[in-house]
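**Student:** Below: one structure in structure tokens.
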Amino acid sequence: MEQLFNRKYIIQGLFIVIAIILLAKLFYIQIISDKAFVAAESNVLKKKFKYPARGAILDRKMRVIVQNEPVYDLMVIPNEVKSFDTLALANALDISVDDIRKNMRKARLKSNYQSTPFSKQISVQSYARLQEIMYRFPGFSTQDRTIRHYPDSVGGQLFGYVKEVNQDDIDKSDGYYRSGDYIGKSGLERSYEEFLRGEKGVVNTVYDAKNIPQGSYADGKYDINAISGERLISGIDIQVQKLGEELMTNKVGAVVAIEPSSGEILAMISSPGYDPNLLVGKSQGNNYMDLIGNPYRPSMVRPIQGYYPPGSSFKPIDALIGLQEGVIDPNMTFNCPGYYMAGNHKVKCEHVDGNISMRRGIARSCNTYFCHVFQKLITKNGMKNQRQTYQDWRDKVAKFGFGSKLDIDLPFEKKGYFYNADHYDKIYGKRWGYTTVISQAIGQGEITATPLQIANAMAIIANRGYYIRPHLIKAMGDKLLVKKEYVTKNYVGVDEKYFEPVIDGMQEAVNSAWGTAVLSRIPDIIMCGKTGTVQNSRGKNHSVFIGFAPRDNPKIAIAVIVENAGFGSTYAAPIASYMVEKYLNGAVSGNRVAQVEWMKNQNLLPLLIDKSKKLKLTKADSLIIRKTDSLKRINDSLRLKAATAKRPISAQLVKKPTITIKSDPNKK
Amino acid sequence: MIQQQGNRFFFNVDWITVLIYILLCIIGFANIYASIPHPDNSAAFDFSSSYGKQFIYVISGLVLGLSLLLFDGRLFNVFAPFIYGITLILLIAVLFIGRNVGGNQAWIPIGSFRLQPSEFAKFGTALLIARYVSTFSPKFRDFKSIFIVGIIVAAPLVLIMMQPDTGSALVFLAFMFPLYREGLSGYFLLIFLGMIVLFVADFLVPVSILIAIILTISGLFIYANKRKQKLIITTVFVTLIAIGYLFVVKIAYEKVLQQHQRNRIELMLGLKTDNKGAGYNVIQSQIAIGSGQATGRGFLQGTQTKYGYVPAQSTDFIFSTIGEEWGFLGCSVVIGLYIFLLLRLINLAERQRSTFSRVYGYSVACILFFHIFINIGMTIGIIPVIGIPLPFISYGGSSLWSFTILLFIFLKLDSNRMGFI
Ligand SMILES: [Zn+2]
């Protein structure tokens, strides 16, 4: 029989085994796994994010064009809500008791345990009322954040808009964005997101088991202060921008004005535009859908996305390359019988110019002259080498910025079409020559460019041979940082001396009696320019003007395109001249003030025959678009003819000396 | 016997055990102090708070313990049936006049003090078993002696189950070990272990698979012992009982156990997760303990403890405070102290000449062991939530005093080990 006292060891052994089991489990949960530690932290620690104010955007004279406005959201954590006085809350918020219940249900659907918006962007009055009675509503809290505000209500497409991040943004951000954050979705808000957004702050608060805050975690050691976004200084002159948008009211088109010496964009108008304040806050979603659905496509950023044939504004470039290549000299003349025969294809000229030289050819925009120049350029190496010569010419023109992006600081820029020789090989095989592509000579046909490219070409001429990539933001943050690509000069390979004869012609176009843009002369300022009438297969021709001023030491280069408006001299040139004058002199002077008002009131919106019935234009005041009926269109065109005829006289009758566009950005 | 002159009462007392007892009480007091909120402007020492009361319980417990040493050890032997009888009467009384706390009819209020008869039933039972074994020297080979000790254990156990206080009742199973030491067959322990294994397996594995496993094992066993007819019959018998047991457990589980008990078992077995309901305590307790990591957050620095995330933190879940604020190191020290105490008690029991003292000593060690294992096991999630206190550490006068009485009676018996009781 076994010794019973040996059973002591079995019992003691059991004690030890159990102790080891306990210690093993403890070792696991305390030392190996950190799950419990993490869970403990999340038990007591609640992180509250502090949202920094986005950076402001200033214009070139440091006037605020984009700023922030505080708004207040009422938040709720549904499972912390005790039964409360619904009526009192409804009264404080100015909504119905039903709405309270509805919002509560919505919040519960989103999350029971997390702070969810209950009522977004409550009024300042509601906010004040709530502050006094908040203690009666456990589970509710107010959160302040800022939304964008645009004092001048201009530049919608340039600034873009800011919106709550979607899952895609969160996934792509390497953990920076969390649900509920905001991100710049388009325009400058998008391209400068990293500067504008600032740095989020975090406040760590300790909560007890009953969810009552117990103060700061670790004496705030891990708290992070929110850092406001960096300020951007734009090259925009808000007054010129505003005048431009008013002039382009009820017109489809684009204006781009550049300071040639710096590449800074002074004004950039995409018409029809919209008030950027529409894409802010509560009704952002609805307004956005309205914009998207609008047949005039105000959401399109025409200066960088619209494709237009450069038209006769392309002619100075022909002339410059001709001079550089030595195929022509400024005094060489060609005969213009009112047309040019390219093989058996006739290119018409607007006039019968007779023997015409470069200066006059440019001033009168003679198609015949430039077809001859083009012929010389493409055939200079003999008829057999036309393909290669075309390609060389094409590459030289491309240096002016055509056919590729200019890398402006806006998203979604397009590059336009400007074909290489291969393209024609594909269509015509080897059997093509200058006559096949003769329309390139006058900037028609297969070449298309964005208004930005066209304005940039003008800046090149103003600079006599180089450009700086056009950009909207000239300095970032307090350190006034500038991106390197926005200070580098890009030379186009045409010597400075060849520019003067071309500029002479452009000066005459505006300033001499036979010029095409003579009606747009600005008193005391020598503007050099060029009108263009771009054929439009789908309707009335586009009215185009390009130019720069003053002739010496130019301060502004501009391109104006008004769709379906006919001759360049009628609309585009005057609009350019008012903006140039406004920029250079600070105001439009004399009898031109009345002309400005007249121009603003012109409605040149193309008829939308098919879509007009479906057209739903809500918030007529907000969109700058008006629906027009055909009767009004006829009246407009009649009045237009009359007005053009007797404009100088009628303008004199108006006694207002000058007009300053209301421009104080601080006044709302 | 010279020392007996000046120090007669405390002669031969095992002061090392007393020292461990005091250490554990101090650890208990400190952690109870830590597990209630301490505003910065609170008074220096608040006797109306739980730690203030525990302070009084510890001091009075120590006085009670030391004064037990003044008794003649033989009295416990003599009065064993009487004490047992009183505890049974109290257990019956509590069913009628007891205060219902948390669904358990467990307390008899006496002034501001609440007497918990189930605590005292433990040493009452221990004394009577010791008395029975020492008087009749049964070897537990016969049915009669097993039946008699079975009755002695079952009477208070059933009465406590009726409160119902399953946790305290379970502790009475601890008497298996002293009886085992006195000759009860090891098969009882194996059967007991087998029942637990089958019980757990019954929930985790489908019955059909379990039966298949049992049949396979017994088949192989019979094949290996095919010449021994008697063994084969026993095996078949045991197999049938085991299979029957599986179904009984299933049915009993559904019909007998209450919903909250079922929940606790299912949570422990991982069949259910519940972060807010019955599982909340265990999850929060494990979070608190686990977050202590190697060395703990430091005294009064435990966030889970300070901000009330673990319910019943100063009583049944006091170990979570130790785990959080003192980490693995602190837990090891406490478990180490307990194991040292338990092993020492077994050694002390073995050095008794008197069977009465030895059986009683084993009973004390094993009751403490059950409390420690069940309580700590519960706080770290390896045992279902069974609300029994951690000896000497958990808050509460009734449990501290009953453990003190349990322990100091043995110390008194041990100091008399040279004589016969
Ligand atoms: Zn001509």
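Labels for the structure tokens follow display order: chains A, B, ..., residues from 1 in each chain, ligands from 1.
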As a count of residues only, please: the residues near segment 186-191 of chain A (cut-off 8 Å, only C-alpha atoms, same-chain neighbours under 5 positions excluded).

**Tutor:** 10

**Student:** Tell me the residues of chain A close to chain B, meaning within 9 Å using only C-alpha atoms, as a VMD selection string.

**Tutor:** chain A and resid 4 to 8 11 to 12 15 to 16 18 to 19 22 to 23 25 to 41 43 to 44 206 to 210 214

**Student:** Applying 8 Å and only C-alpha atoms, which residues near segment 313-320 of chain B remain after dropping the ones on its own chain fewer than 6 positions away? List them as a ChimeraX atom specification.

**Tutor:** /B:28,31-32,35-36,285-286,288-289,305,375-376,379,387-390,393-396

**Student:** With N, CA, C and O atoms retained, write the just-selected residues as a tab-separated table (two decimals), in the first residue's frame.

**Tutor:**
```tsv
chain	number	residue	atom	x	y	z
B	28	GLY	N	-3.84	43.93	0.30
B	28	GLY	CA	-5.27	44.12	0.10
B	28	GLY	C	-5.68	45.55	0.41
B	28	GLY	O	-6.32	46.21	-0.40
B	31	ASN	N	-4.45	48.10	-2.18
B	31	ASN	CA	-5.15	48.06	-3.47
B	31	ASN	C	-6.60	48.49	-3.38
B	31	ASN	O	-7.16	49.01	-4.33
B	32	ILE	N	-7.21	48.27	-2.21
B	32	ILE	CA	-8.56	48.80	-2.03
B	32	ILE	C	-8.49	50.32	-1.99
B	32	ILE	O	-9.31	51.01	-2.59
B	35	SER	N	-8.31	51.51	-5.47
B	35	SER	CA	-9.41	51.28	-6.41
B	35	SER	C	-10.62	52.19	-6.20
B	35	SER	O	-11.62	52.01	-6.86
B	36	ILE	N	-10.50	53.16	-5.30
B	36	ILE	CA	-11.58	54.15	-5.26
B	36	ILE	C	-10.99	55.49	-5.68
B	36	ILE	O	-9.79	55.71	-5.55
B	285	SER	N	-11.86	43.53	-16.74
B	285	SER	CA	-10.85	43.06	-15.79
B	285	SER	C	-9.59	42.64	-16.53
B	285	SER	O	-8.47	42.98	-16.13
B	286	GLN	N	-9.76	41.91	-17.62
B	286	GLN	CA	-8.59	41.48	-18.39
B	286	GLN	C	-7.87	42.67	-19.01
B	286	GLN	O	-6.64	42.70	-19.08
B	288	ALA	N	-7.77	45.67	-17.79
B	288	ALA	CA	-7.04	46.35	-16.72
B	288	ALA	C	-5.76	45.60	-16.38
B	288	ALA	O	-4.68	46.18	-16.31
B	289	ILE	N	-5.89	44.29	-16.20
B	289	ILE	CA	-4.70	43.50	-15.83
B	289	ILE	C	-3.68	43.54	-16.95
B	289	ILE	O	-2.50	43.82	-16.73
B	305	THR	N	-8.58	51.40	-13.17
B	305	THR	CA	-8.93	51.33	-11.76
B	305	THR	C	-9.51	52.65	-11.29
B	305	THR	O	-10.60	52.71	-10.72
B	375	ASN	N	-10.77	32.76	-7.96
B	375	ASN	CA	-10.85	34.22	-8.06
B	375	ASN	C	-9.91	34.77	-9.11
B	375	ASN	O	-10.32	35.53	-10.00
B	376	ILE	N	-8.63	34.40	-9.05
B	376	ILE	CA	-7.67	34.93	-10.02
B	376	ILE	C	-8.01	34.40	-11.42
B	376	ILE	O	-8.01	35.14	-12.40
B	379	THR	N	-10.65	36.51	-12.88
B	379	THR	CA	-10.29	37.86	-13.32
B	379	THR	C	-9.46	37.85	-14.60
B	379	THR	O	-9.41	38.85	-15.31
B	387	GLY	N	-18.50	34.55	-8.12
B	387	GLY	CA	-18.22	35.63	-7.18
B	387	GLY	C	-17.75	35.15	-5.83
B	387	GLY	O	-18.52	35.05	-4.88
B	388	ILE	N	-16.47	34.82	-5.72
B	388	ILE	CA	-15.93	34.53	-4.38
B	388	ILE	C	-14.70	35.41	-4.16
B	388	ILE	O	-14.01	35.78	-5.10
B	389	PRO	N	-14.46	35.79	-2.89
B	389	PRO	CA	-13.40	36.77	-2.63
B	389	PRO	C	-12.00	36.15	-2.70
B	389	PRO	O	-11.82	34.94	-2.61
B	390	LEU	N	-11.04	37.03	-2.89
B	390	LEU	CA	-9.63	36.65	-2.87
B	390	LEU	C	-9.17	36.73	-1.41
B	390	LEU	O	-9.24	37.80	-0.79
B	393	ILE	N	-7.27	39.69	0.75
B	393	ILE	CA	-7.03	40.87	-0.08
B	393	ILE	C	-8.34	41.58	-0.43
B	393	ILE	O	-8.44	42.79	-0.33
B	394	SER	N	-9.36	40.81	-0.80
B	394	SER	CA	-10.63	41.43	-1.17
B	394	SER	C	-11.21	42.25	-0.02
B	394	SER	O	-11.03	41.92	1.15
B	395	TYR	N	-11.95	43.29	-0.41
B	395	TYR	CA	-12.62	44.12	0.59
B	395	TYR	C	-13.75	43.33	1.24
B	395	TYR	O	-14.45	42.59	0.57
B	396	GLY	N	-13.90	43.53	2.54
B	396	GLY	CA	-15.03	42.94	3.23
B	396	GLY	C	-14.63	42.31	4.55
B	396	GLY	O	-13.68	41.53	4.61
```

**Student:** At a cut-off of 10 Å, using only C-alpha atoms, what residues contact Tyr467 of chain A? Leave out same-chain residues fewer than 4 positions from it and give the result as number ranges by chain.

**Tutor:** A: 260-263, 399-401, 456-463, 486-492

**Student:** So which residues are near ligand 1, meaning at most 12 Å away with only C-alpha atoms and all ligand atoms counted, given back as a PyMOL selection string?

**Tutor:** chain A and resi 333-340+347-358+360-372+442

**Student:** Generate the output file for the selected residues, N, CA, C and O atoms, as a short mmCIF file (atom, residue, chain, number, x, y, z; two decimals), in the first residue's frame.

**Tutor:**
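Output file result-v3.cif is given in full below:
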```
data_model
loop_
_atom_site.label_atom_id
_atom_site.label_comp_id
_atom_site.auth_asym_id
_atom_site.auth_seq_id
_atom_site.Cartn_x
_atom_site.Cartn_y
_atom_site.Cartn_z
N THR A 333 6.82 91.81 -99.80
CA THR A 333 5.37 91.93 -99.98
C THR A 333 4.81 90.75 -100.77
O THR A 333 5.51 90.11 -101.54
N PHE A 334 3.56 90.48 -100.52
CA PHE A 334 2.81 89.47 -101.29
C PHE A 334 1.56 90.14 -101.80
O PHE A 334 1.05 91.08 -101.17
N ASN A 335 1.04 89.62 -102.87
CA ASN A 335 -0.17 90.24 -103.42
C ASN A 335 -1.41 89.52 -102.91
O ASN A 335 -1.51 88.30 -102.93
N CYS A 336 -2.35 90.33 -102.45
CA CYS A 336 -3.61 89.76 -101.95
C CYS A 336 -4.75 90.19 -102.84
O CYS A 336 -5.18 91.34 -102.80
N PRO A 337 -5.25 89.28 -103.65
CA PRO A 337 -6.41 89.60 -104.49
C PRO A 337 -7.72 89.33 -103.75
O PRO A 337 -8.78 89.29 -104.35
N GLY A 338 -7.61 89.08 -102.46
CA GLY A 338 -8.83 88.77 -101.70
C GLY A 338 -8.93 87.27 -101.42
O GLY A 338 -9.87 86.82 -100.79
N TYR A 339 -7.93 86.55 -101.83
CA TYR A 339 -7.92 85.12 -101.54
C TYR A 339 -6.51 84.59 -101.79
O TYR A 339 -5.65 85.28 -102.33
N TYR A 340 -6.30 83.32 -101.38
CA TYR A 340 -5.05 82.64 -101.66
C TYR A 340 -5.41 81.28 -102.23
O TYR A 340 -6.31 80.60 -101.72
N VAL A 347 -8.34 79.95 -100.15
CA VAL A 347 -8.45 80.50 -98.80
C VAL A 347 -8.84 81.96 -98.93
O VAL A 347 -8.10 82.75 -99.51
N LYS A 348 -9.99 82.31 -98.38
CA LYS A 348 -10.47 83.68 -98.57
C LYS A 348 -9.77 84.65 -97.63
O LYS A 348 -9.36 84.30 -96.52
N CYS A 349 -9.63 85.91 -98.06
CA CYS A 349 -9.19 86.97 -97.16
C CYS A 349 -10.37 87.90 -96.95
O CYS A 349 -11.27 87.98 -97.78
N GLU A 350 -10.39 88.57 -95.84
CA GLU A 350 -11.52 89.45 -95.55
C GLU A 350 -11.54 90.66 -96.48
O GLU A 350 -12.57 91.32 -96.66
N HIS A 351 -10.33 91.01 -96.95
CA HIS A 351 -10.27 92.20 -97.79
C HIS A 351 -9.46 91.90 -99.04
O HIS A 351 -8.80 90.87 -99.12
N VAL A 352 -9.47 92.85 -99.96
CA VAL A 352 -8.55 92.80 -101.10
C VAL A 352 -7.44 93.76 -100.74
O VAL A 352 -7.61 94.97 -100.78
N ASP A 353 -6.30 93.22 -100.34
CA ASP A 353 -5.28 94.09 -99.76
C ASP A 353 -4.23 94.54 -100.77
O ASP A 353 -3.40 95.40 -100.47
N GLY A 354 -4.20 93.95 -101.91
CA GLY A 354 -3.16 94.31 -102.88
C GLY A 354 -1.81 93.83 -102.40
O GLY A 354 -1.70 92.83 -101.70
N ASN A 355 -0.75 94.58 -102.76
CA ASN A 355 0.58 94.21 -102.28
C ASN A 355 0.70 94.57 -100.81
O ASN A 355 0.53 95.71 -100.43
N ILE A 356 1.03 93.57 -100.03
CA ILE A 356 0.97 93.82 -98.58
C ILE A 356 2.24 93.29 -97.90
O ILE A 356 2.74 92.22 -98.23
N SER A 357 2.77 94.07 -96.97
CA SER A 357 3.99 93.68 -96.25
C SER A 357 3.62 93.20 -94.85
O SER A 357 2.44 93.17 -94.47
N MET A 358 4.63 92.85 -94.08
CA MET A 358 4.37 92.21 -92.79
C MET A 358 3.55 93.08 -91.84
O MET A 358 2.52 92.66 -91.30
N ARG A 360 1.57 95.58 -92.21
CA ARG A 360 0.18 95.76 -92.59
C ARG A 360 -0.55 94.42 -92.60
O ARG A 360 -1.74 94.32 -92.26
N GLY A 361 0.19 93.40 -92.99
CA GLY A 361 -0.40 92.06 -93.00
C GLY A 361 -0.90 91.66 -91.63
O GLY A 361 -1.97 91.07 -91.48
N ILE A 362 -0.12 92.02 -90.64
CA ILE A 362 -0.55 91.71 -89.29
C ILE A 362 -1.68 92.63 -88.86
O ILE A 362 -2.72 92.19 -88.35
N ALA A 363 -1.51 93.90 -89.14
CA ALA A 363 -2.51 94.88 -88.72
C ALA A 363 -3.87 94.58 -89.35
O ALA A 363 -4.90 94.71 -88.70
N ARG A 364 -3.86 94.15 -90.62
CA ARG A 364 -5.12 93.89 -91.32
C ARG A 364 -5.51 92.42 -91.22
O ARG A 364 -6.54 92.01 -91.74
N SER A 365 -4.63 91.61 -90.62
CA SER A 365 -4.90 90.19 -90.47
C SER A 365 -5.15 89.53 -91.83
O SER A 365 -6.12 88.81 -92.02
N CYS A 366 -4.23 89.82 -92.78
CA CYS A 366 -4.44 89.37 -94.16
C CYS A 366 -4.13 87.88 -94.28
O CYS A 366 -2.99 87.45 -94.13
N ASN A 367 -5.16 87.09 -94.60
CA ASN A 367 -4.97 85.65 -94.72
C ASN A 367 -3.98 85.31 -95.84
O ASN A 367 -3.16 84.41 -95.70
N THR A 368 -4.10 86.03 -96.93
CA THR A 368 -3.26 85.75 -98.09
C THR A 368 -1.78 85.88 -97.72
O THR A 368 -0.96 85.02 -98.05
N TYR A 369 -1.47 86.96 -97.01
CA TYR A 369 -0.08 87.20 -96.63
C TYR A 369 0.46 85.99 -95.86
O TYR A 369 1.52 85.47 -96.16
N PHE A 370 -0.29 85.53 -94.91
CA PHE A 370 0.24 84.48 -94.04
C PHE A 370 0.25 83.11 -94.71
O PHE A 370 1.07 82.26 -94.38
N CYS A 371 -0.65 82.95 -95.66
CA CYS A 371 -0.58 81.71 -96.42
C CYS A 371 0.73 81.68 -97.22
O CYS A 371 1.39 80.64 -97.32
N HIS A 372 1.11 82.82 -97.75
CA HIS A 372 2.37 82.89 -98.47
C HIS A 372 3.55 82.62 -97.54
O HIS A 372 4.47 81.88 -97.90
N ILE A 442 -3.30 80.10 -90.82
CA ILE A 442 -4.14 81.15 -90.22
C ILE A 442 -4.78 80.63 -88.92
O ILE A 442 -5.79 81.13 -88.46
#
```

**Student:** For atom CA of Leu605 of chain A and atom CA of Lys251 of chain A, quote the distance in Å rounded to one decimal.

**Tutor:**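 According to the coordinates, atom CA of Leu605 of chain A and atom CA of Lys251 of chain A are separated by 5.1 Å.
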
**Student:** Write out as a ChimeraX atom specification all residues of segment 269-426 of chain A that DSSP puts in helix (DSSP H, G or I) for this structure's backbone.

**Tutor:** /A:276-279,284-293,302-305,311-325,358-364,367-379,383-398,421-426

**Student:** Nearest to Leu278 of chain A: which of A:Pro303, A:Pro523, A:Pro213, A:Gly156 is it, counting only C-alpha atoms?

**Tutor:**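 Ranked by minimum distance to Leu278 of chain A, first place goes to A:Gly156.
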
**Student:** Can you work out which one of B:Val158, B:Val94, B:Leu68, B:Ile243 has the shortest atom-to-atom distance to Arg114 of chain B, counting only C-alpha atoms?

**Tutor:**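 So, comparing all the options, the nearest one is B:Val94.
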
**Student:** Report as a ChimeraX atom specification all protein, DNA and RNA residues lying within 12 Å of Phe71 of chain B, evaluated on only C-alpha atoms, omitting residues in the same chain fewer than 3 positions from it.

**Tutor:** /B:8-10,64-68,74-77,408-413,415-416

**Student:** What would the file look like if the residues just selected were written as a JSON list (two decimals), in the first residue's frame with C-alpha atoms?

**Tutor:**
```json
[["chain", "number", "residue", "atom", "x", "y", "z"],
["B", 8, "ARG", "CA", 2.75, 30.70, 27.01],
["B", 9, "PHE", "CA", 0.03, 31.59, 24.55],
["B", 10, "PHE", "CA", 2.23, 32.43, 21.60],
["B", 64, "LEU", "CA", -9.25, 38.37, 16.45],
["B", 65, "GLY", "CA", -6.60, 36.05, 15.03],
["B", 66, "LEU", "CA", -4.14, 36.67, 17.82],
["B", 67, "SER", "CA", -6.83, 36.23, 20.46],
["B", 68, "LEU", "CA", -7.72, 32.85, 18.94],
["B", 74, "ARG", "CA", -8.34, 21.19, 22.25],
["B", 75, "LEU", "CA", -11.52, 23.27, 22.50],
["B", 76, "PHE", "CA", -11.82, 23.28, 18.71],
["B", 77, "ASN", "CA", -11.77, 19.52, 18.65],
["B", 408, "PHE", "CA", -5.43, 31.15, 13.04],
["B", 409, "ILE", "CA", -7.26, 28.11, 14.38],
["B", 410, "PHE", "CA", -4.77, 26.07, 12.43],
["B", 411, "LEU", "CA", -1.87, 28.14, 13.72],
["B", 412, "LYS", "CA", -3.11, 27.49, 17.23],
["B", 413, "LEU", "CA", -3.42, 23.75, 16.54],
["B", 415, "SER", "CA", 1.55, 25.49, 18.05],
["B", 416, "ASN", "CA", 0.21, 22.60, 20.09]]
```

**Student:** When distances are computed from only C-alpha atoms, which of A:Ile233, A:Ala398, A:Val154, A:Lys221 shows the smallest separation from Glu246 of chain A?

**Tutor:**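 Closest to Glu246 of chain A of all the choices is A:Val154.
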
**Student:** Applying 10 Å and only C-alpha atoms, which residues near Ile100 of chain A remain after dropping the ones on its own chain fewer than 5 positions away? List them as a PyMOL selection string.

**Tutor:** chain A and resi 86-87+89-90+93+95+105-106+118-119

**Student:** Limited to all heavy atoms, could you put the picked residues into a file as a compact mmCIF listing (two decimals), in the first residue's frame?

**Tutor:**
```txt
# COMPACT_ATOMS: atom_id res chain seq x y z
N THR A 86 -37.66 67.93 -26.11
CA THR A 86 -37.54 68.09 -27.57
C THR A 86 -38.00 69.47 -28.02
O THR A 86 -37.41 70.06 -28.92
CB THR A 86 -38.40 67.04 -28.32
OG1 THR A 86 -39.32 66.48 -27.42
CG2 THR A 86 -37.54 65.95 -28.89
N LEU A 87 -39.04 69.96 -27.38
CA LEU A 87 -39.58 71.25 -27.80
C LEU A 87 -38.56 72.36 -27.58
O LEU A 87 -38.35 73.20 -28.45
CB LEU A 87 -40.87 71.53 -27.01
CG LEU A 87 -41.65 72.75 -27.50
CD1 LEU A 87 -42.11 72.53 -28.93
CD2 LEU A 87 -42.82 73.04 -26.58
N LEU A 89 -35.35 72.14 -27.52
CA LEU A 89 -34.27 72.03 -28.49
C LEU A 89 -34.75 72.50 -29.86
O LEU A 89 -34.05 73.22 -30.58
CB LEU A 89 -33.76 70.59 -28.56
CG LEU A 89 -32.50 70.38 -29.39
CD1 LEU A 89 -31.33 71.14 -28.79
CD2 LEU A 89 -32.14 68.90 -29.51
N ALA A 90 -35.97 72.10 -30.20
CA ALA A 90 -36.52 72.52 -31.50
C ALA A 90 -36.60 74.04 -31.57
O ALA A 90 -36.25 74.65 -32.58
CB ALA A 90 -37.90 71.89 -31.70
N LEU A 93 -33.25 75.64 -32.05
CA LEU A 93 -32.68 75.43 -33.38
C LEU A 93 -33.56 75.99 -34.50
O LEU A 93 -33.19 75.96 -35.67
CB LEU A 93 -32.48 73.93 -33.64
CG LEU A 93 -31.37 73.25 -32.84
CD1 LEU A 93 -31.42 71.74 -33.05
CD2 LEU A 93 -30.00 73.77 -33.26
N ILE A 95 -36.29 74.65 -35.57
CA ILE A 95 -36.80 73.60 -36.43
C ILE A 95 -37.95 72.92 -35.71
O ILE A 95 -38.23 73.23 -34.56
CB ILE A 95 -35.71 72.55 -36.79
CG1 ILE A 95 -35.11 71.92 -35.54
CG2 ILE A 95 -34.63 73.17 -37.65
CD1 ILE A 95 -34.10 70.84 -35.82
N ARG A 105 -32.89 60.04 -35.58
CA ARG A 105 -32.86 58.74 -36.26
C ARG A 105 -31.66 58.64 -37.19
O ARG A 105 -30.96 57.64 -37.23
CB ARG A 105 -34.15 58.53 -37.05
CG ARG A 105 -35.26 57.84 -36.26
CD ARG A 105 -36.30 57.23 -37.18
NE ARG A 105 -36.90 58.20 -38.08
CZ ARG A 105 -37.92 59.01 -37.74
NH1 ARG A 105 -38.43 58.94 -36.55
NH2 ARG A 105 -38.40 59.87 -38.61
N LYS A 106 -31.45 59.72 -37.95
CA LYS A 106 -30.32 59.73 -38.89
C LYS A 106 -29.00 59.54 -38.15
O LYS A 106 -28.14 58.78 -38.58
CB LYS A 106 -30.28 61.07 -39.65
CG LYS A 106 -31.13 61.08 -40.90
CD LYS A 106 -30.81 62.33 -41.71
CE LYS A 106 -31.94 62.71 -42.62
NZ LYS A 106 -31.86 64.12 -43.05
N PHE A 118 -25.74 66.44 -35.81
CA PHE A 118 -27.18 66.40 -35.60
C PHE A 118 -27.85 67.47 -36.44
O PHE A 118 -28.82 67.24 -37.14
CB PHE A 118 -27.49 66.62 -34.11
CG PHE A 118 -28.95 66.60 -33.77
CD1 PHE A 118 -29.61 65.40 -33.60
CD2 PHE A 118 -29.66 67.78 -33.63
CE1 PHE A 118 -30.95 65.37 -33.30
CE2 PHE A 118 -31.01 67.75 -33.33
CZ PHE A 118 -31.64 66.54 -33.16
N SER A 119 -27.28 68.67 -36.39
CA SER A 119 -27.82 69.77 -37.16
C SER A 119 -26.61 70.59 -37.63
O SER A 119 -25.87 71.11 -36.82
CB SER A 119 -28.74 70.60 -36.27
OG SER A 119 -29.52 71.46 -37.03
```
